[in-house]
$ cat protein33.json   # JSON, C-alpha atoms
[["chain", "number", "residue", "atom", "x", "y", "z"],
["A", 1, "MET", "CA", 51.29, 112.13, 146.52],
["A", 2, "GLY", "CA", 50.69, 115.21, 144.35],
["A", 3, "ILE", "CA", 49.13, 115.58, 140.94],
["A", 4, "PRO", "CA", 51.47, 115.35, 137.93],
["A", 5, "CYS", "CA", 51.76, 118.77, 136.26],
["A", 6, "SER", "CA", 50.27, 117.52, 132.99],
["A", 7, "GLU", "CA", 47.05, 116.60, 134.79],
["A", 8, "THR", "CA", 46.56, 119.69, 136.97],
["A", 9, "VAL", "CA", 43.54, 121.07, 135.13],
["A", 10, "ARG", "CA", 42.67, 118.87, 132.18],
["A", 11, "GLY", "CA", 39.50, 116.97, 132.97],
["A", 12, "GLN", "CA", 39.18, 118.23, 136.56],
["A", 13, "SER", "CA", 36.99, 120.82, 138.22],
["A", 14, "ARG", "CA", 38.78, 123.64, 140.05],
["A", 15, "ARG", "CA", 37.29, 122.52, 143.36],
["A", 16, "ARG", "CA", 38.62, 118.97, 142.89],
["A", 17, "PHE", "CA", 42.00, 120.30, 141.81],
["A", 18, "ILE", "CA", 42.28, 122.56, 144.88],
["A", 19, "ARG", "CA", 41.33, 119.72, 147.23],
["A", 20, "GLN", "CA", 43.92, 117.44, 145.67],
["A", 21, "ALA", "CA", 46.59, 120.12, 145.49],
["A", 22, "PHE", "CA", 46.28, 121.09, 149.14],
["A", 23, "GLY", "CA", 45.95, 117.46, 150.17],
["A", 24, "GLY", "CA", 49.14, 116.67, 148.27],
["A", 25, "GLY", "CA", 51.11, 119.50, 149.83],
["A", 26, "LEU", "CA", 51.37, 121.61, 146.66],
["A", 27, "GLY", "CA", 51.30, 125.41, 146.92],
["A", 28, "VAL", "CA", 48.58, 127.20, 144.95],
["A", 29, "SER", "CA", 48.18, 130.94, 144.50],
["A", 30, "MET", "CA", 44.64, 131.80, 145.59],
["A", 31, "ALA", "CA", 44.97, 135.27, 144.08],
["A", 32, "GLY", "CA", 45.71, 133.66, 140.73],
["A", 33, "LEU", "CA", 42.71, 131.35, 141.06],
["A", 34, "ALA", "CA", 40.44, 134.24, 142.01],
["A", 35, "ALA", "CA", 41.60, 136.14, 138.92],
["A", 36, "GLY", "CA", 40.70, 133.17, 136.74],
["A", 37, "ALA", "CA", 44.27, 132.10, 136.06],
["A", 38, "ARG", "CA", 45.06, 128.49, 135.36],
["A", 39, "PRO", "CA", 46.01, 126.76, 138.63],
["A", 40, "ALA", "CA", 49.61, 125.58, 138.70],
["A", 41, "ALA", "CA", 51.56, 123.62, 141.29],
["A", 42, "GLN", "CA", 54.51, 125.48, 142.75],
["A", 43, "VAL", "CA", 57.49, 123.23, 143.17],
["A", 44, "GLY", "CA", 59.55, 124.08, 146.23],
["A", 45, "GLY", "CA", 56.86, 125.86, 148.21],
["A", 46, "PRO", "CA", 55.96, 129.50, 147.76],
["A", 47, "ILE", "CA", 58.73, 130.39, 145.29],
["A", 48, "ARG", "CA", 57.10, 132.79, 142.85],
["A", 49, "SER", "CA", 59.77, 133.94, 140.42],
["A", 50, "PHE", "CA", 63.37, 134.93, 139.90],
["A", 51, "ASP", "CA", 64.38, 138.28, 141.34],
["A", 52, "HIS", "CA", 67.67, 138.47, 139.47],
["A", 53, "VAL", "CA", 70.52, 136.39, 138.12],
["A", 54, "ALA", "CA", 74.19, 137.30, 138.08],
["A", 55, "VAL", "CA", 77.02, 136.43, 135.71],
["A", 56, "PRO", "CA", 80.54, 137.74, 135.20],
["A", 57, "MET", "CA", 81.28, 139.99, 132.24],
["A", 58, "ARG", "CA", 84.50, 140.75, 130.43],
["A", 59, "ASN", "CA", 83.75, 143.53, 127.90],
["A", 60, "THR", "CA", 82.07, 146.11, 130.12],
["A", 61, "GLU", "CA", 81.67, 149.02, 127.68],
["A", 62, "ALA", "CA", 80.52, 146.84, 124.79],
["A", 63, "MET", "CA", 78.05, 144.98, 127.02],
["A", 64, "VAL", "CA", 76.54, 148.19, 128.44],
["A", 65, "GLN", "CA", 76.17, 149.70, 124.96],
["A", 66, "PHE", "CA", 74.69, 146.46, 123.55],
["A", 67, "TYR", "CA", 72.04, 146.01, 126.26],
["A", 68, "ARG", "CA", 71.06, 149.69, 126.03],
["A", 69, "ALA", "CA", 70.65, 149.30, 122.25],
["A", 70, "LEU", "CA", 68.34, 146.33, 122.89],
["A", 71, "GLY", "CA", 66.14, 148.59, 125.04],
["A", 72, "PHE", "CA", 67.09, 147.37, 128.52],
["A", 73, "GLY", "CA", 67.41, 149.82, 131.39],
["A", 74, "VAL", "CA", 71.05, 149.87, 132.47],
["A", 75, "MET", "CA", 72.56, 150.89, 135.80],
["A", 76, "GLU", "CA", 76.32, 151.09, 136.16],
["A", 77, "GLY", "CA", 78.18, 150.63, 139.42],
["A", 78, "GLU", "CA", 81.83, 150.33, 140.34],
["A", 79, "ARG", "CA", 81.75, 146.51, 140.58],
["A", 80, "ILE", "CA", 78.42, 145.59, 138.98],
["A", 81, "CYS", "CA", 76.37, 146.73, 136.00],
["A", 82, "SER", "CA", 72.75, 145.66, 135.90],
["A", 83, "VAL", "CA", 70.22, 145.46, 133.11],
["A", 84, "HIS", "CA", 66.51, 145.73, 133.88],
["A", 85, "PHE", "CA", 63.37, 144.59, 132.09],
["A", 86, "GLY", "CA", 59.96, 144.43, 133.73],
["A", 87, "ASP", "CA", 60.46, 143.26, 137.32],
["A", 88, "ASN", "CA", 63.63, 141.37, 136.39],
["A", 89, "LYS", "CA", 67.31, 142.12, 136.54],
["A", 90, "ILE", "CA", 70.60, 140.64, 135.40],
["A", 91, "ASN", "CA", 73.67, 141.68, 137.37],
["A", 92, "PHE", "CA", 76.84, 141.63, 135.30],
["A", 93, "HIS", "CA", 79.87, 141.51, 137.59],
["A", 94, "ARG", "CA", 82.73, 143.60, 136.26],
["A", 95, "PRO", "CA", 86.15, 141.90, 136.09],
["A", 96, "VAL", "CA", 87.27, 143.90, 139.15],
["A", 97, "ALA", "CA", 84.60, 142.00, 141.10],
["A", 98, "TRP", "CA", 84.70, 138.44, 139.74],
["A", 99, "GLN", "CA", 88.49, 138.29, 139.53],
["A", 100, "ASP", "CA", 88.80, 139.34, 143.19],
["A", 101, "ALA", "CA", 89.48, 136.24, 145.34],
["A", 102, "SER", "CA", 87.65, 137.82, 148.29],
["A", 103, "PHE", "CA", 84.40, 137.94, 146.24],
["A", 104, "THR", "CA", 82.99, 134.55, 147.21],
["A", 105, "LEU", "CA", 79.22, 134.99, 146.76],
["A", 106, "ARG", "CA", 79.37, 133.76, 143.17],
["A", 107, "ALA", "CA", 79.83, 130.55, 141.25],
["A", 108, "PRO", "CA", 83.59, 130.04, 141.69],
["A", 109, "ALA", "CA", 84.22, 128.56, 138.24],
["A", 110, "ALA", "CA", 82.04, 131.03, 136.29],
["A", 111, "VAL", "CA", 83.91, 133.07, 133.69],
["A", 112, "PRO", "CA", 82.50, 134.79, 130.61],
["A", 113, "PRO", "CA", 80.68, 133.55, 128.61],
["A", 114, "CYS", "CA", 78.52, 131.52, 130.97],
["A", 115, "GLY", "CA", 75.04, 133.02, 130.51],
["A", 116, "ASP", "CA", 72.14, 131.53, 128.58],
["A", 117, "PHE", "CA", 69.08, 133.77, 128.89],
["A", 118, "CYS", "CA", 65.62, 133.55, 127.34],
["A", 119, "PHE", "CA", 63.55, 136.74, 127.10],
["A", 120, "VAL", "CA", 59.87, 136.93, 126.20],
["A", 121, "TRP", "CA", 59.38, 139.31, 123.27],
["A", 122, "ASP", "CA", 55.90, 140.87, 123.23],
["A", 123, "GLY", "CA", 56.29, 142.54, 119.85],
["A", 124, "THR", "CA", 56.30, 141.31, 116.28],
["A", 125, "VAL", "CA", 59.06, 139.37, 114.54],
["A", 126, "ALA", "CA", 59.74, 142.43, 112.37],
["A", 127, "ALA", "CA", 60.13, 144.65, 115.47],
["A", 128, "LEU", "CA", 62.47, 142.09, 117.07],
["A", 129, "HIS", "CA", 64.65, 141.93, 113.97],
["A", 130, "ALA", "CA", 64.77, 145.74, 113.76],
["A", 131, "THR", "CA", 65.83, 145.95, 117.42],
["A", 132, "LEU", "CA", 68.49, 143.27, 117.00],
["A", 133, "GLU", "CA", 69.82, 144.95, 113.85],
["A", 134, "ARG", "CA", 69.99, 148.32, 115.66],
["A", 135, "ALA", "CA", 72.07, 146.65, 118.40],
["A", 136, "GLY", "CA", 74.37, 145.04, 115.81],
["A", 137, "ALA", "CA", 73.24, 141.52, 116.75],
["A", 138, "VAL", "CA", 73.13, 138.69, 114.24],
["A", 139, "VAL", "CA", 70.51, 135.96, 114.53],
["A", 140, "ILE", "CA", 72.50, 132.71, 114.78],
["A", 141, "GLU", "CA", 69.45, 130.45, 114.83],
["A", 142, "GLY", "CA", 65.77, 130.94, 114.27],
["A", 143, "PRO", "CA", 63.01, 131.28, 113.87],
["A", 144, "VAL", "CA", 62.62, 127.85, 115.49],
["A", 145, "PRO", "CA", 59.76, 126.34, 117.49],
["A", 146, "ARG", "CA", 60.50, 125.98, 121.22],
["A", 147, "THR", "CA", 58.71, 125.04, 124.41],
["A", 148, "GLY", "CA", 58.90, 127.94, 126.84],
["A", 149, "GLY", "CA", 58.31, 128.43, 130.53],
["A", 150, "ARG", "CA", 54.68, 129.56, 130.36],
["A", 151, "ASP", "CA", 51.79, 127.28, 131.25],
["A", 152, "GLY", "CA", 53.91, 125.10, 133.49],
["A", 153, "GLY", "CA", 56.65, 124.70, 130.89],
["A", 154, "THR", "CA", 54.29, 123.50, 128.13],
["A", 155, "ALA", "CA", 53.61, 126.64, 126.06],
["A", 156, "GLY", "CA", 54.91, 126.70, 122.52],
["A", 157, "GLY", "CA", 56.64, 129.69, 121.02],
["A", 158, "THR", "CA", 59.04, 130.71, 118.29],
["A", 159, "SER", "CA", 62.61, 131.63, 119.24],
["A", 160, "HIS", "CA", 65.45, 133.63, 117.73],
["A", 161, "TYR", "CA", 68.99, 133.32, 119.14],
["A", 162, "ILE", "CA", 71.84, 135.83, 119.25],
["A", 163, "ARG", "CA", 75.09, 136.36, 121.17],
["A", 164, "ASP", "CA", 76.03, 139.39, 123.26],
["A", 165, "PRO", "CA", 79.53, 140.97, 123.19],
["A", 166, "ASP", "CA", 80.78, 138.51, 125.86],
["A", 167, "ASP", "CA", 79.37, 135.61, 123.79],
["A", 168, "ASN", "CA", 76.50, 134.77, 126.20],
["A", 169, "LEU", "CA", 73.56, 133.16, 124.44],
["A", 170, "LEU", "CA", 70.35, 135.23, 124.28],
["A", 171, "GLU", "CA", 67.07, 133.72, 123.18],
["A", 172, "PHE", "CA", 64.00, 135.80, 122.35],
["A", 173, "ILE", "CA", 60.79, 133.78, 122.42],
["A", 174, "ILE", "CA", 57.53, 134.98, 120.95],
["A", 175, "TYR", "CA", 54.38, 133.25, 122.21]]
$ encode --input "protein33.json" --output "structure tokens"
Amino acid sequence: MGIPCSETVRGQSRRRFIRQAFGGGLGVSMAGLAAGARPAAQVGGPIRSFDHVAVPMRNTEAMVQFYRALGFGVMEGERICSVHFGDNKINFHRPVAWQDASFTLRAPAAVPPCGDFCFVWDGTVAALHATLERAGAVVIEGPVPRTGGRDGGTAGGTSHYIRDPDDNLLEFIIY
């Protein structure tokens, strides 16, 4: 039996944690431990991160313009537009793709809006608001305290929520 996530480090030496983690079948990144990072159990084996997510989009031109205004890198293709940030990507399937019955490598019931994305904002609240204003986005909720994905899903942050032109929900969390 593994160690509950809330007890992975608190009150334990690293050596004891590693013995218990490996004994319990949990994956641990040795590179992260060597760099002094907090050890964390990896649920599902050696899954490290998302590579990309994909959702259908309806308003192609407005979506491309909006994500560019937010500062994302944007690549446009015949059937897919993608937005890039760091090592992450969101593929937005154009209507020509998701409305095509032969396109089966997708969630069959997904239609816009079906996205709910949380982005980590490394800048100040003032810089976030300026960026959102430049993109024509309106904050629909926030600032509000939220628990984010860092530190094994326990890190606290402050979030601001907006909608994109297809009405997907975007959250910007500041740790």
$ residues_around --input "protein33.json" --residues "region 98-115 of chain A" --least-positions-apart "2" --cutoff "9 Å" --atoms "all atoms listed in the file" --output "list of chain:residue names"
A:Ala54, A:Val55, A:Pro56, A:Met57, A:Arg58, A:Arg79, A:His93, A:Arg94, A:Pro95, A:Val96, A:Phe117, A:Asp166, A:Asp167, A:Asn168, A:Leu169, A:Leu170
$ closest_residue --input "protein33.json" --among "A:Asn91, A:Leu132, A:Gly157, A:Phe50" --to "Gly71 (chain A)" --atoms "only C-alpha atoms"
A:Leu132
$ closest_residue --input "protein33.json" --among "A:Val53, A:Ile162, A:Gln65, A:Met75" --to "Ala137 (chain A)" --atoms "all atoms listed in the file"
A:Ile162
$ atom_distance --input "protein33.json" --atom1 "CA of Ile80 (chain A)" --atom2 "CA of Phe92 (chain A)"
5.6 Å
$ closest_residue --input "protein33.json" --among "A:Gly86, A:Gly149, A:Gly136, A:Gly77" --to "Ala62 (chain A)" --atoms "all atoms listed in the file"
A:Gly136
$ residues_around --input "protein33.json" --residues "Tyr175 (chain A)" --least-positions-apart "5" --cutoff "12 Å" --atoms "all atoms listed in the file" --output "list in words"
Phe119, Val120, Trp121, Asp122, Gly123, Thr124, Val125, Val144, Pro145, Arg146, Thr147, Gly148, Gly149, Arg150, Asp151, Thr154, Ala155, Gly156, Gly157, Thr158, Ser159 and His160 of chain A
$ atom_distance --input "protein33.json" --atom1 "CA of Glu78 (chain A)" --atom2 "CA of Val64 (chain A)"
13.2 Å
$ closest_residue --input "protein33.json" --among "A:Phe72, A:Ala135, A:Phe85, A:Gly142" --to "Pro165 (chain A)" --atoms "all atoms listed in the file"
A:Ala135
$ atom_distance --input "protein33.json" --atom1 "CA of Arg163 (chain A)" --atom2 "CA of Arg134 (chain A)"
14.1 Å
$ closest_residue --input "protein33.json" --among "A:Val74, A:Glu141, A:Ala130, A:Asp51" --to "Asp87 (chain A)" --atoms "only C-alpha atoms"
A:Asp51
